[in-house]
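Novice: So here's my_file-v2.pdb, just PDB, C-alpha atoms:
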```pdb
ATOM      1  CA  MET A   1     197.235  74.883-157.640
ATOM      2  CA  LEU A   2     194.818  74.091-160.454
ATOM      3  CA  HIS A   3     195.830  70.486-161.123
ATOM      4  CA  ASP A   4     197.370  67.732-159.020
ATOM      5  CA  ARG A   5     199.858  66.564-161.688
ATOM      6  CA  LEU A   6     200.163  69.226-164.383
ATOM      7  CA  ASN A   7     201.961  72.517-163.734
ATOM      8  CA  MET A   8     199.666  75.270-165.042
ATOM      9  CA  GLY A   9     201.116  78.600-166.061
ATOM     10  CA  ALA A  10     200.425  81.811-167.936
ATOM     11  CA  MET A  11     202.908  83.759-170.054
ATOM     12  CA  PHE A  12     202.987  87.557-170.119
ATOM     13  CA  SER A  13     204.925  89.729-172.578
ATOM     14  CA  PHE A  14     204.070  93.271-171.361
ATOM     15  CA  ARG A  15     203.380  94.406-174.935
ATOM     16  CA  ASN A  16     201.626  97.600-175.948
ATOM     17  CA  PRO A  17     200.654  97.476-179.653
ATOM     18  CA  ALA A  18     199.991 100.760-181.453
ATOM     19  CA  ARG A  19     196.385  99.771-182.244
ATOM     20  CA  TRP A  20     195.559  99.628-178.516
ATOM     21  CA  ARG A  21     198.333 101.919-177.259
ATOM     22  CA  ARG A  22     198.114 103.096-173.654
ATOM     23  CA  PRO A  23     200.704 104.661-171.328
ATOM     24  CA  PHE A  24     203.307 102.007-170.568
ATOM     25  CA  PRO A  25     203.013 102.466-166.783
ATOM     26  CA  ASP A  26     199.326 101.531-167.111
ATOM     27  CA  VAL A  27     200.164  98.440-169.184
ATOM     28  CA  TYR A  28     202.781  97.252-166.699
ATOM     29  CA  ARG A  29     200.465  97.893-163.738
ATOM     30  CA  ASP A  30     197.642  95.928-165.358
ATOM     31  CA  GLU A  31     199.897  93.021-166.352
ATOM     32  CA  LEU A  32     201.227  92.773-162.803
ATOM     33  CA  ASP A  33     197.672  92.909-161.447
ATOM     34  CA  LEU A  34     196.717  90.029-163.778
ATOM     35  CA  ILE A  35     199.725  88.067-162.533
ATOM     36  CA  VAL A  36     198.602  88.561-158.928
ATOM     37  CA  GLU A  37     195.120  87.379-159.972
ATOM     38  CA  ALA A  38     196.609  84.312-161.694
ATOM     39  CA  GLU A  39     198.367  83.392-158.450
ATOM     40  CA  ARG A  40     195.094  83.823-156.554
ATOM     41  CA  LEU A  41     193.324  81.563-159.067
ATOM     42  CA  GLY A  42     195.853  78.793-158.436
ATOM     43  CA  PHE A  43     198.213  79.012-161.405
ATOM     44  CA  ASP A  44     201.594  77.483-160.622
ATOM     45  CA  THR A  45     204.031  79.422-162.820
ATOM     46  CA  ILE A  46     204.233  82.867-164.367
ATOM     47  CA  TRP A  47     206.291  82.706-167.545
ATOM     48  CA  LEU A  48     208.039  85.798-168.885
ATOM     49  CA  THR A  49     209.511  86.319-172.327
ATOM     50  CA  GLU A  50     212.105  88.588-173.934
ATOM     51  CA  HIS A  51     212.659  90.444-177.195
ATOM     52  CA  HIS A  52     214.310  93.726-178.071
ATOM     53  CA  PHE A  53     213.696  96.823-180.196
ATOM     54  CA  ALA A  54     210.046  95.909-180.846
ATOM     55  CA  ASP A  55     207.519  98.579-181.806
ATOM     56  CA  ASP A  56     205.047  97.205-179.271
ATOM     57  CA  GLY A  57     207.553  97.232-176.412
ATOM     58  CA  TYR A  58     207.790  93.418-176.186
ATOM     59  CA  SER A  59     209.349  92.983-172.722
ATOM     60  CA  PRO A  60     213.052  93.840-173.212
ATOM     61  CA  SER A  61     214.139  93.627-169.556
ATOM     62  CA  ILE A  62     213.071  90.203-168.372
ATOM     63  CA  VAL A  63     215.068  90.069-165.117
ATOM     64  CA  THR A  64     213.728  93.466-164.026
ATOM     65  CA  ILE A  65     210.159  92.353-164.707
ATOM     66  CA  ALA A  66     210.784  89.071-162.873
ATOM     67  CA  ALA A  67     211.922  91.037-159.823
ATOM     68  CA  ALA A  68     208.678  93.036-159.916
ATOM     69  CA  VAL A  69     206.686  89.795-160.150
ATOM     70  CA  ALA A  70     208.637  88.340-157.221
ATOM     71  CA  ALA A  71     207.785  91.404-155.144
ATOM     72  CA  ARG A  72     204.059  91.155-155.919
ATOM     73  CA  THR A  73     203.651  87.383-155.435
ATOM     74  CA  GLU A  74     204.334  84.788-152.757
ATOM     75  CA  ARG A  75     203.836  81.305-154.182
ATOM     76  CA  VAL A  76     204.022  81.106-157.985
ATOM     77  CA  ARG A  77     207.235  80.151-159.689
ATOM     78  CA  ILE A  78     208.652  82.666-162.147
ATOM     79  CA  GLY A  79     210.052  81.241-165.367
ATOM     80  CA  PHE A  80     211.760  82.599-168.478
ATOM     81  CA  ASN A  81     210.320  81.433-171.787
ATOM     82  CA  LEU A  82     212.783  82.497-172.799
ATOM     83  CA  LEU A  83     215.821  84.688-172.105
ATOM     84  CA  LEU A  84     218.064  85.339-175.134
ATOM     85  CA  LEU A  85     221.361  84.270-173.609
ATOM     86  CA  PRO A  86     223.760  85.391-176.399
ATOM     87  CA  LEU A  87     222.570  88.986-175.987
ATOM     88  CA  HIS A  88     223.548  89.104-172.308
ATOM     89  CA  ASN A  89     226.837  89.284-170.448
ATOM     90  CA  ALA A  90     226.647  85.887-168.761
ATOM     91  CA  ILE A  91     228.772  86.918-165.763
ATOM     92  CA  GLU A  92     226.440  89.801-164.929
ATOM     93  CA  LEU A  93     223.459  87.572-165.665
ATOM     94  CA  ALA A  94     224.696  84.930-163.199
ATOM     95  CA  GLU A  95     224.765  87.613-160.490
ATOM     96  CA  ASP A  96     221.381  89.071-161.485
ATOM     97  CA  ILE A  97     219.612  85.702-161.488
ATOM     98  CA  ALA A  98     221.244  84.660-158.214
ATOM     99  CA  THR A  99     219.943  87.885-156.663
ATOM    100  CA  LEU A 100     216.539  87.285-158.229
ATOM    101  CA  ASP A 101     216.453  83.784-156.753
ATOM    102  CA  VAL A 102     217.171  85.307-153.339
ATOM    103  CA  LEU A 103     214.480  87.986-153.753
ATOM    104  CA  SER A 104     211.918  85.340-154.700
ATOM    105  CA  ASN A 105     213.134  82.829-152.087
ATOM    106  CA  GLY A 106     213.975  80.200-154.699
ATOM    107  CA  ARG A 107     211.126  80.533-157.199
ATOM    108  CA  ILE A 108     213.053  81.081-160.463
ATOM    109  CA  ASP A 109     213.142  78.808-163.519
ATOM    110  CA  VAL A 110     215.835  79.864-165.987
ATOM    111  CA  GLY A 111     214.696  79.256-169.573
ATOM    112  CA  LEU A 112     217.311  80.103-172.203
ATOM    113  CA  GLY A 113     217.502  80.286-175.984
ATOM    114  CA  GLN A 114     219.858  81.358-178.759
ATOM    115  CA  GLY A 115     217.619  83.930-180.467
ATOM    116  CA  TYR A 116     217.150  84.347-184.189
ATOM    117  CA  ALA A 117     216.001  87.898-185.011
ATOM    118  CA  LEU A 118     218.596  89.764-187.087
ATOM    119  CA  HIS A 119     217.583  93.193-185.794
ATOM    120  CA  GLU A 120     218.255  92.148-182.198
ATOM    121  CA  PHE A 121     221.794  90.932-182.859
ATOM    122  CA  ALA A 122     222.478  94.012-184.990
ATOM    123  CA  GLY A 123     221.196  96.280-182.233
ATOM    124  CA  PHE A 124     223.557  94.687-179.720
ATOM    125  CA  GLY A 125     226.453  94.680-182.201
ATOM    126  CA  ILE A 126     226.799  90.899-182.008
ATOM    127  CA  PRO A 127     227.357  88.846-185.200
ATOM    128  CA  LEU A 128     224.516  86.382-185.706
ATOM    129  CA  GLU A 129     227.018  83.633-186.478
ATOM    130  CA  GLU A 130     228.274  83.874-182.885
ATOM    131  CA  ARG A 131     224.932  83.046-181.322
ATOM    132  CA  LEU A 132     225.646  79.325-180.794
ATOM    133  CA  SER A 133     229.158  79.789-179.382
ATOM    134  CA  ARG A 134     227.937  82.589-177.098
ATOM    135  CA  PHE A 135     225.014  80.420-175.999
ATOM    136  CA  ILE A 136     227.216  77.444-175.125
ATOM    137  CA  GLU A 137     229.779  79.556-173.273
ATOM    138  CA  GLY A 138     226.965  81.423-171.527
ATOM    139  CA  LEU A 139     225.601  78.132-170.215
ATOM    140  CA  ASP A 140     229.080  77.230-168.955
ATOM    141  CA  ILE A 141     229.387  80.591-167.209
ATOM    142  CA  LEU A 142     226.001  80.409-165.475
ATOM    143  CA  SER A 143     226.559  76.851-164.284
ATOM    144  CA  GLY A 144     230.111  77.552-163.167
ATOM    145  CA  MET A 145     229.383  80.817-161.357
ATOM    146  CA  TRP A 146     226.512  79.207-159.453
ATOM    147  CA  GLN A 147     228.404  76.047-158.452
ATOM    148  CA  GLN A 148     232.114  76.881-158.159
ATOM    149  CA  ASP A 149     233.779  79.237-155.689
ATOM    150  CA  PRO A 150     235.982  80.685-157.005
ATOM    151  CA  PHE A 151     235.221  80.220-160.705
ATOM    152  CA  SER A 152     237.652  80.488-163.600
ATOM    153  CA  TYR A 153     236.989  80.028-167.298
ATOM    154  CA  GLU A 154     238.821  80.417-170.596
ATOM    155  CA  GLY A 155     236.761  80.570-173.779
ATOM    156  CA  ARG A 156     236.322  82.481-177.011
ATOM    157  CA  HIS A 157     233.993  85.106-175.542
ATOM    158  CA  TYR A 158     234.703  84.917-171.806
ATOM    159  CA  ARG A 159     237.870  84.890-169.728
ATOM    160  CA  VAL A 160     237.158  84.650-166.030
ATOM    161  CA  SER A 161     239.747  84.505-163.272
ATOM    162  CA  GLU A 162     238.682  83.420-159.787
ATOM    163  CA  ALA A 163     235.314  85.169-159.774
ATOM    164  CA  ARG A 164     233.341  84.776-156.561
ATOM    165  CA  LEU A 165     229.568  85.019-156.431
ATOM    166  CA  SER A 166     227.715  86.269-153.369
ATOM    167  CA  PRO A 167     224.873  85.910-152.625
ATOM    168  CA  ARG A 168     224.466  82.506-154.190
ATOM    169  CA  PRO A 169     221.124  81.209-155.495
ATOM    170  CA  VAL A 170     218.694  79.810-152.941
ATOM    171  CA  GLN A 171     218.120  76.797-155.208
ATOM    172  CA  GLN A 172     221.105  74.475-155.087
ATOM    173  CA  PRO A 173     223.140  73.476-156.943
ATOM    174  CA  THR A 174     221.474  75.838-159.460
ATOM    175  CA  PRO A 175     218.023  77.135-160.309
ATOM    176  CA  PRO A 176     216.322  74.796-162.812
ATOM    177  CA  ILE A 177     217.676  75.385-166.319
ATOM    178  CA  TRP A 178     215.415  75.042-169.346
ATOM    179  CA  ILE A 179     216.477  75.274-172.990
ATOM    180  CA  GLY A 180     214.375  76.242-175.965
ATOM    181  CA  ALA A 181     215.330  74.224-179.039
ATOM    182  CA  THR A 182     213.630  72.986-182.192
ATOM    183  CA  SER A 183     216.464  71.226-184.051
ATOM    184  CA  SER A 184     217.821  67.754-183.400
ATOM    185  CA  ALA A 185     221.213  69.188-182.424
ATOM    186  CA  GLY A 186     219.648  71.656-179.992
ATOM    187  CA  ILE A 187     217.389  69.041-178.457
ATOM    188  CA  ARG A 188     220.302  66.677-177.927
ATOM    189  CA  ARG A 189     222.407  69.462-176.439
ATOM    190  CA  ALA A 190     219.668  70.138-173.892
ATOM    191  CA  GLY A 191     219.475  66.442-173.046
ATOM    192  CA  ARG A 192     223.228  66.101-172.528
ATOM    193  CA  ARG A 193     223.216  69.053-170.144
ATOM    194  CA  GLY A 194     220.274  67.681-168.184
ATOM    195  CA  ALA A 195     218.215  70.769-168.960
ATOM    196  CA  HIS A 196     214.439  70.798-169.198
ATOM    197  CA  LEU A 197     212.746  71.659-172.499
ATOM    198  CA  LEU A 198     210.745  74.715-173.461
ATOM    199  CA  GLY A 199     208.566  72.821-175.902
ATOM    200  CA  ILE A 200     208.995  69.671-177.978
ATOM    201  CA  SER A 201     207.704  69.779-181.530
ATOM    202  CA  SER A 202     207.497  66.056-182.295
ATOM    203  CA  PRO A 203     207.638  62.590-180.694
ATOM    204  CA  LYS A 204     210.848  61.953-182.688
ATOM    205  CA  LEU A 205     212.607  64.897-181.041
ATOM    206  CA  GLN A 206     211.266  63.798-177.678
ATOM    207  CA  ARG A 207     212.912  60.388-178.148
ATOM    208  CA  GLU A 208     216.196  62.032-179.186
ATOM    209  CA  TYR A 209     216.116  64.262-176.120
ATOM    210  CA  GLU A 210     215.436  61.349-173.762
ATOM    211  CA  GLN A 211     218.186  59.265-175.389
ATOM    212  CA  ALA A 212     220.746  62.086-175.047
ATOM    213  CA  ARG A 213     219.692  62.649-171.451
ATOM    214  CA  THR A 214     220.062  58.969-170.607
ATOM    215  CA  GLU A 215     223.447  58.654-172.331
ATOM    216  CA  ALA A 216     224.746  61.615-170.302
ATOM    217  CA  GLY A 217     223.627  60.002-167.035
ATOM    218  CA  HIS A 218     220.574  62.162-166.393
ATOM    219  CA  ASP A 219     217.298  60.568-165.310
ATOM    220  CA  PRO A 220     214.874  60.807-168.264
ATOM    221  CA  ASP A 221     211.873  60.566-165.940
ATOM    222  CA  ALA A 222     212.981  63.750-164.164
ATOM    223  CA  ALA A 223     212.792  65.763-167.378
ATOM    224  CA  LYS A 224     210.227  68.539-167.614
ATOM    225  CA  ALA A 225     208.662  69.841-170.812
ATOM    226  CA  LEU A 226     206.693  73.056-171.255
ATOM    227  CA  GLN A 227     204.071  73.416-173.973
ATOM    228  CA  LEU A 228     202.921  76.968-174.736
ATOM    229  CA  HIS A 229     199.526  77.585-176.357
ATOM    230  CA  TRP A 230     198.068  80.984-177.239
ATOM    231  CA  THR A 231     194.767  80.520-175.448
ATOM    232  CA  HIS A 232     191.576  82.465-174.903
ATOM    233  CA  VAL A 233     188.404  81.217-173.186
ATOM    234  CA  ALA A 234     184.935  82.741-173.532
ATOM    235  CA  ASP A 235     181.293  81.621-173.322
ATOM    236  CA  ASP A 236     181.364  80.103-176.813
ATOM    237  CA  ASP A 237     183.733  79.608-179.746
ATOM    238  CA  ASP A 238     182.434  82.574-181.767
ATOM    239  CA  THR A 239     182.864  85.004-178.880
ATOM    240  CA  ALA A 240     186.347  83.715-178.097
ATOM    241  CA  TRP A 241     187.493  84.138-181.710
ATOM    242  CA  ALA A 242     185.929  87.596-181.987
ATOM    243  CA  GLU A 243     187.708  88.758-178.831
ATOM    244  CA  ALA A 244     191.064  87.133-179.568
ATOM    245  CA  THR A 245     191.546  87.406-183.347
ATOM    246  CA  PRO A 246     192.763  91.038-183.624
ATOM    247  CA  HIS A 247     195.342  90.498-180.892
ATOM    248  CA  PHE A 248     196.501  87.147-182.247
ATOM    249  CA  HIS A 249     196.796  88.649-185.734
ATOM    250  CA  HIS A 250     199.102  91.335-184.357
ATOM    251  CA  LEU A 251     201.205  88.675-182.634
ATOM    252  CA  LEU A 252     201.484  86.612-185.827
ATOM    253  CA  THR A 253     202.416  89.621-187.936
ATOM    254  CA  VAL A 254     205.272  90.617-185.639
ATOM    255  CA  TYR A 255     206.698  87.101-185.374
ATOM    256  CA  ALA A 256     206.388  86.529-189.132
ATOM    257  CA  GLY A 257     208.382  89.676-189.829
ATOM    258  CA  TRP A 258     211.176  88.607-187.507
ATOM    259  CA  LEU A 259     211.248  85.067-188.891
ATOM    260  CA  GLN A 260     211.268  86.212-192.501
ATOM    261  CA  GLY A 261     214.128  88.565-191.714
ATOM    262  CA  SER A 262     216.109  85.631-190.340
ATOM    263  CA  GLY A 263     215.458  83.506-193.446
ATOM    264  CA  ASN A 264     213.026  81.107-191.781
ATOM    265  CA  LYS A 265     210.984  79.416-194.536
ATOM    266  CA  ALA A 266     208.057  78.743-192.180
ATOM    267  CA  ALA A 267     207.073  82.402-192.376
ATOM    268  CA  ASP A 268     207.236  82.757-196.183
ATOM    269  CA  ALA A 269     203.547  81.945-196.666
ATOM    270  CA  GLY A 270     202.583  85.195-194.962
ATOM    271  CA  ILE A 271     199.720  85.922-192.604
ATOM    272  CA  PRO A 272     196.108  85.844-193.835
ATOM    273  CA  PRO A 273     193.969  88.957-193.331
ATOM    274  CA  GLU A 274     192.438  89.311-189.900
ATOM    275  CA  ASP A 275     188.915  88.458-191.085
ATOM    276  CA  GLN A 276     190.194  85.259-192.743
ATOM    277  CA  LEU A 277     192.330  83.976-189.887
ATOM    278  CA  ARG A 278     189.882  81.555-188.266
ATOM    279  CA  GLY A 279     190.280  78.046-189.594
ATOM    280  CA  ARG A 280     193.495  78.798-191.490
ATOM    281  CA  ARG A 281     196.745  76.954-190.826
ATOM    282  CA  VAL A 282     199.267  79.413-189.416
ATOM    283  CA  MET A 283     202.672  79.132-187.713
ATOM    284  CA  PHE A 284     201.074  78.989-184.262
ATOM    285  CA  ASP A 285     197.902  76.981-183.746
ATOM    286  CA  PRO A 286     195.715  79.062-181.392
ATOM    287  CA  VAL A 287     193.377  77.532-178.822
ATOM    288  CA  PHE A 288     190.340  79.822-178.671
ATOM    289  CA  GLY A 289     186.837  78.773-177.690
ATOM    290  CA  SER A 290     184.407  77.704-175.031
ATOM    291  CA  PRO A 291     185.744  75.882-171.959
ATOM    292  CA  ALA A 292     184.848  72.536-173.545
ATOM    293  CA  THR A 293     186.565  73.408-176.838
ATOM    294  CA  VAL A 294     189.720  74.643-175.129
ATOM    295  CA  ALA A 295     189.908  71.634-172.806
ATOM    296  CA  GLY A 296     189.521  69.249-175.733
ATOM    297  CA  ARG A 297     192.214  70.958-177.816
ATOM    298  CA  LEU A 298     194.697  71.131-174.959
ATOM    299  CA  GLN A 299     194.078  67.512-173.953
ATOM    300  CA  ALA A 300     194.696  66.334-177.518
ATOM    301  CA  SER A 301     198.002  68.209-177.575
ATOM    302  CA  MET A 302     199.122  66.783-174.242
ATOM    303  CA  ASP A 303     198.159  63.273-175.326
ATOM    304  CA  SER A 304     200.457  63.567-178.356
ATOM    305  CA  ILE A 305     203.630  64.937-176.755
ATOM    306  CA  ARG A 306     205.300  65.006-173.357
ATOM    307  CA  THR A 307     203.854  67.838-171.261
ATOM    308  CA  THR A 308     204.650  68.387-167.604
ATOM    309  CA  HIS A 309     204.074  72.156-167.755
ATOM    310  CA  LEU A 310     201.318  73.937-169.674
ATOM    311  CA  ALA A 311     201.449  77.687-170.348
ATOM    312  CA  LEU A 312     198.666  79.892-171.660
ATOM    313  CA  GLY A 313     200.011  82.674-173.840
ATOM    314  CA  MET A 314     198.301  85.955-172.903
ATOM    315  CA  LEU A 315     197.440  87.986-175.995
ATOM    316  CA  PRO A 316     198.989  91.446-176.525
ATOM    317  CA  GLY A 317     196.849  94.553-176.306
ATOM    318  CA  MET A 318     193.758  92.832-174.945
ATOM    319  CA  ASP A 319     191.518  94.660-172.470
ATOM    320  CA  PRO A 320     192.706  93.491-169.016
ATOM    321  CA  ALA A 321     189.095  92.805-167.993
ATOM    322  CA  VAL A 322     188.694  90.407-170.940
ATOM    323  CA  SER A 323     192.000  88.698-170.150
ATOM    324  CA  ARG A 324     190.933  88.339-166.524
ATOM    325  CA  ARG A 325     187.638  86.671-167.519
ATOM    326  CA  SER A 326     189.558  84.204-169.685
ATOM    327  CA  LEU A 327     191.909  83.314-166.827
ATOM    328  CA  GLU A 328     188.965  82.831-164.487
ATOM    329  CA  ARG A 329     187.081  80.600-166.948
ATOM    330  CA  PHE A 330     190.217  78.536-167.488
ATOM    331  CA  ALA A 331     190.752  78.072-163.763
ATOM    332  CA  ARG A 332     187.136  77.175-163.015
ATOM    333  CA  GLU A 333     186.137  75.153-166.065
ATOM    334  CA  VAL A 334     189.116  74.091-168.189
ATOM    335  CA  ALA A 335     191.809  73.017-165.725
ATOM    336  CA  PRO A 336     189.559  70.553-163.835
ATOM    337  CA  ALA A 337     188.720  68.823-167.136
ATOM    338  CA  LEU A 338     192.343  68.120-168.112
ATOM    339  CA  ARG A 339     193.839  64.703-167.473
TER     340      ARG A 339
END
```
Just give me the structure of the file as structure tokens.
Specialist:
Amino acid sequence: MLHDRLNMGAMFSFRNPARWRRPFPDVYRDELDLIVEAERLGFDTIWLTEHHFADDGYSPSIVTIAAAVAARTERVRIGFNLLLLPLHNAIELAEDIATLDVLSNGRIDVGLGQGYALHEFAGFGIPLEERLSRFIEGLDILSGMWQQDPFSYEGRHYRVSEARLSPRPVQQPTPPIWIGATSSAGIRRAGRRGAHLLGISSPKLQREYEQARTEAGHDPDAAKALQLHWTHVADDDDTAWAEATPHFHHLLTVYAGWLQGSGNKAADAGIPPEDQLRGRRVMFDPVFGSPATVAGRLQASMDSIRTTHLALGMLPGMDPAVSRRSLERFAREVAPALR
């Protein structure tokens, strides 16, 4: 482990942008090799993420990838940040994750979200307006399948009669459940269910989450909160920005397109040209620089909002050797400086 109190993680998306396109088997091999290296360096959690129908192959099969990570590692936890629950059959997912928890010997953290990208819901033939109801029922199904034997359920999207799950998850009563939410309603829903949070955007939402958790009888001090930062470490700030900017620009462009398609006003300003990105305010605030710069930026973020888990977002399309150097510098020089 890199830190005695803070859970340190790295998030991988197995993306293969056209600008740096390589055979996908090579990309997956190199990502898995980096994950093994992250475990060796002392990282605590490997976070995986999910999207569908992306030109760069943004990891569409998160449970399959998690199984590959479980087979290549021994200690690190494997978390979803996040799995798009409304796009899955929750009954099958309950079985898949239970099996995954067995394969990993109880190392799975189940992070879930509603999704927002119109093209994903269209591709699955699911009306976007059903995402909340499918998400809520999906949570009921996962919790029920993992805890009740047999399990029955009657809802709008699911009708289950005396389903029996075997094998059951190693982690009892369930693997840890995390929810990604940015609205007051979503934050409160996570608190009422006793779920952990995949990011908190403001102290106000943090207070609402803790209040909802307390009112539902869940210990607020047991709550966990993940903060994700797109991070790259190099010898100095100029080198870090030069190495990271093209890959971060690709990431921003893809997300902005999806957000604009969903009507999100945050993406309307557009993305500045690649050579004008440094120093500009964009939808994600990157943390690129020397070890001292990165440590200072991350510490300031953690001082402002609850953070029990920190994740470094690995940039798409980057040379694996450059990504490896960044992970090594973080482990040796950044992590020990964080309070």
Novice: Pick out the closest residue to Gly138 in chain A from this set: A:Tyr158, A:Phe124, A:Phe151, A:Tyr255. Count all atoms listed in the file.
Specialist: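 Ranking A:Tyr158, A:Phe124, A:Phe151, A:Tyr255 by distance to Gly138 in chain A, first place goes to A:Tyr158.
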Novice: Can you translate the PyMOL selection byres ((chain A and resi 197) around 6) into the concrete residues it hits in this file, as a PyMOL selection string?
Specialist: chain A and resi 178-180+196+198-199+225
Novice: Compute the distance from (211.8, 70.1, -168.1) to each atom, counting all atoms listed in the file, keep the residues with any atom at most 10 Å away, and return them as a PyMOL selection string; use the coordinates of the file.
Specialist: chain A and resi 109+111+176-179+190-191+194-199+220-226+306-309
Novice: For the file shown, report as a list in words the outcome of the PyMOL selection byres ((chain A and resi 274) around 12) at residue level.
Specialist: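 Checking the PyMOL selection byres ((chain A and resi 274) around 12) against this file, the residues are Trp241, Ala242, Ala244, Thr245, Pro246, His247, Phe248, His249, His250, Leu251, Leu252, Thr253, Ile271, Pro272, Pro273, Asp275, Gln276, Leu277, Arg278, Gly279 and Arg280 of chain A.
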Novice: Restricting the calculation to only C-alpha atoms: of A:Val63, A:Leu84, A:Leu34, A:Leu6, which residue gets closest to Met318 in chain A?
Specialist: A:Leu34
Novice: Report the distance between CA of Pro167 in chain A and CA of Val110 in chain A in Å, rounded to one decimal place.
Specialist: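 Between CA of Pro167 in chain A and CA of Val110 in chain A the gap works out to 17.2 Å.
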Novice: So, counting all atoms listed in the file, which residue among A:Leu165, A:Ala117, A:Leu128, A:Leu298 is closest to Asp285 in chain A?
Specialist: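 Distance minimum relative to Asp285 in chain A lands on A:Leu298.
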Novice: What is the CA of His52 in chain A to CA of Phe121 in chain A distance in Å?
Specialist: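 Atom-to-atom, CA of His52 in chain A to CA of Phe121 in chain A, that is 9.3 Å.
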Novice: Evaluate the PyMOL selection byres ((chain A and resi 324) around 12) and record the selected residues as an NGL selection string, following the chain and residue labels used in the document.
Specialist: :A and (10 or 30-38 or 40-41 or 232-234 or 314-315 or 318-323 or 325-331)
Novice: Mind pulling up the distance from CA of Gly317 in chain A to CA of Phe288 in chain A?
Specialist: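 These atoms are spaced 16.3 Å apart.
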Novice: Between A:Leu139, A:Leu228, A:Met145, A:Ile78, which residue has the minimum interatomic distance to Arg193 in chain A, considering only C-alpha atoms?
Specialist: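 Nearest candidate to Arg193 in chain A out of A:Leu139, A:Leu228, A:Met145, A:Ile78: A:Leu139.
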Novice: Counting only C-alpha atoms, figure out which residue out of A:Glu120, A:Ser290, A:Tyr209, A:Tyr58 gets nearest to Gly261 in chain A.
Specialist: A:Glu120
